[in-house]
Amino acid sequence: QPFWLAPCWSKVAWHTSRVRLAVGASGSFSMIAVRVALRRAVAAPASGIARRLQRAQHGGFSSLSPALQSKVDQFRKDVETHLPKDGKGVVFATAWLATDNAFVALMKDHFPEVLSGMNLVAIDTLHLFPSTLVCARLVEEKYGKKALWKLPQDVTTREEFEAKWGDAEEMDSADFDFVSKVEPFQRALAECKKDILVTGRRMDQAAQRITLDVWEEGKRTFNPMAPFSWTDIIA
């Protein structure tokens, strides 16, 4: 499915090697070429873990490289160690990014009961790319797991958002983040009676590789994708 690496245009454009922006002789960007490149990236076959998961039969991972298979095996051990078998009290915060979707695919393949019982939480800021919403729908349908969606308080459209808080581009970034992301997420955690928070963070996401524990006891936070690299996701 093309959604795997295409949660939104900007992520596809700047975070995959498949997109090449066309630059004219004058050095200016060709917007037509950019749009074509983006569409091709979105339509590209799923790759990396995703492609192999789609080909795998009943949990078989014979097509994974030994190094990647080792990471998947460790993923399974980590889930068995840190998550309850019924998934109760577990919340996964998804932004529909490639690593987030890889986590859902791995859980569906190896721990369907845990996935069924846990909560996927998604925040609609009312300013998402249309392709993000398409990606979300495809993930929900493919893996049979509906997300709990939360919006900014007391609004359901961008027009209502702007009437209450103003144009997002003119808002202080901290204010926008709070009303459109932080507050809705806090409501979601309370509704889910969160005990364990699962993230899609990886150690290689920072400018310099960081140390990120798979399990953070003090926060009761589980980072099962920490050992995976971006290369693992798109290889």
# chains A, B, ... in the order shown; residues from 1 in each chain; ligands from 1
>>> select_by_dssp(residues="stretch 95-193 of chain A", states="helix (DSSP H, G or I)", output="PyMOL selection string")
chain A and resi 98-110+112-117+130-143+158-165+168-170+173-192
>>> closest_residue(among="A:Pro66, A:Gly89, A:Pro112, A:Pro184", to="A:Asp124", atoms="only C-alpha atoms")
A:Pro184
>>> residues_around(residues="A:Gly117", least_positions_apart="4", cutoff="7 Å", atoms="only C-alpha atoms", output="PyMOL selection string")
chain A and resi 86-88+113
>>> residues_around(residues="A:Glu160", least_positions_apart="6", cutoff="10 Å", atoms="only C-alpha atoms", output="ChimeraX atom specification")
/A:126,154,166
>>> closest_residue(among="A:Ala147, A:Leu138, A:Val79, A:Ala105", to="A:Pro224", atoms="only C-alpha atoms")
A:Val79
>>> decode(residues="stretch 85-102 of chain A", atoms="N, CA and C atoms", output="short mmCIF file (atom, residue, chain, number, x, y, z; two decimals), in the first residue's frame")
data_model
loop_
_atom_site.label_atom_id
_atom_site.label_comp_id
_atom_site.auth_asym_id
_atom_site.auth_seq_id
_atom_site.Cartn_x
_atom_site.Cartn_y
_atom_site.Cartn_z
N LYS A 85 -1.03 -8.56 28.14
CA LYS A 85 -1.51 -9.35 27.01
C LYS A 85 -2.84 -8.87 26.46
N ASP A 86 -3.63 -8.22 27.32
CA ASP A 86 -4.92 -7.72 26.84
C ASP A 86 -4.86 -6.29 26.34
N GLY A 87 -3.68 -5.66 26.47
CA GLY A 87 -3.50 -4.30 25.95
C GLY A 87 -4.18 -3.21 26.76
N LYS A 88 -4.81 -3.56 27.86
CA LYS A 88 -5.56 -2.56 28.63
C LYS A 88 -4.62 -1.54 29.27
N GLY A 89 -5.01 -0.28 29.20
CA GLY A 89 -4.22 0.79 29.79
C GLY A 89 -3.03 1.21 28.95
N VAL A 90 -2.91 0.63 27.74
CA VAL A 90 -1.80 0.96 26.85
C VAL A 90 -2.28 1.97 25.81
N VAL A 91 -1.52 3.03 25.63
CA VAL A 91 -1.86 4.06 24.65
C VAL A 91 -0.68 4.25 23.70
N PHE A 92 -0.95 4.14 22.41
CA PHE A 92 0.07 4.43 21.40
C PHE A 92 -0.29 5.74 20.72
N ALA A 93 0.60 6.71 20.80
CA ALA A 93 0.38 8.01 20.17
C ALA A 93 0.91 7.95 18.74
N THR A 94 0.02 7.98 17.76
CA THR A 94 0.44 7.88 16.38
C THR A 94 0.24 9.20 15.63
N ALA A 95 1.22 9.53 14.82
CA ALA A 95 1.11 10.67 13.91
C ALA A 95 1.07 10.17 12.47
N TRP A 96 0.89 8.83 12.31
CA TRP A 96 0.78 8.19 11.01
C TRP A 96 2.08 8.30 10.21
N LEU A 97 3.21 8.41 10.91
CA LEU A 97 4.50 8.41 10.24
C LEU A 97 4.91 6.97 9.94
N ALA A 98 5.93 6.81 9.12
CA ALA A 98 6.32 5.47 8.67
C ALA A 98 6.63 4.55 9.84
N THR A 99 7.36 5.04 10.84
CA THR A 99 7.72 4.20 11.97
C THR A 99 6.49 3.86 12.81
N ASP A 100 5.57 4.81 12.95
CA ASP A 100 4.32 4.53 13.66
C ASP A 100 3.57 3.40 12.97
N ASN A 101 3.50 3.45 11.66
CA ASN A 101 2.76 2.44 10.91
C ASN A 101 3.46 1.09 10.95
N ALA A 102 4.80 1.12 11.00
CA ALA A 102 5.56 -0.12 11.14
C ALA A 102 5.23 -0.79 12.47
#
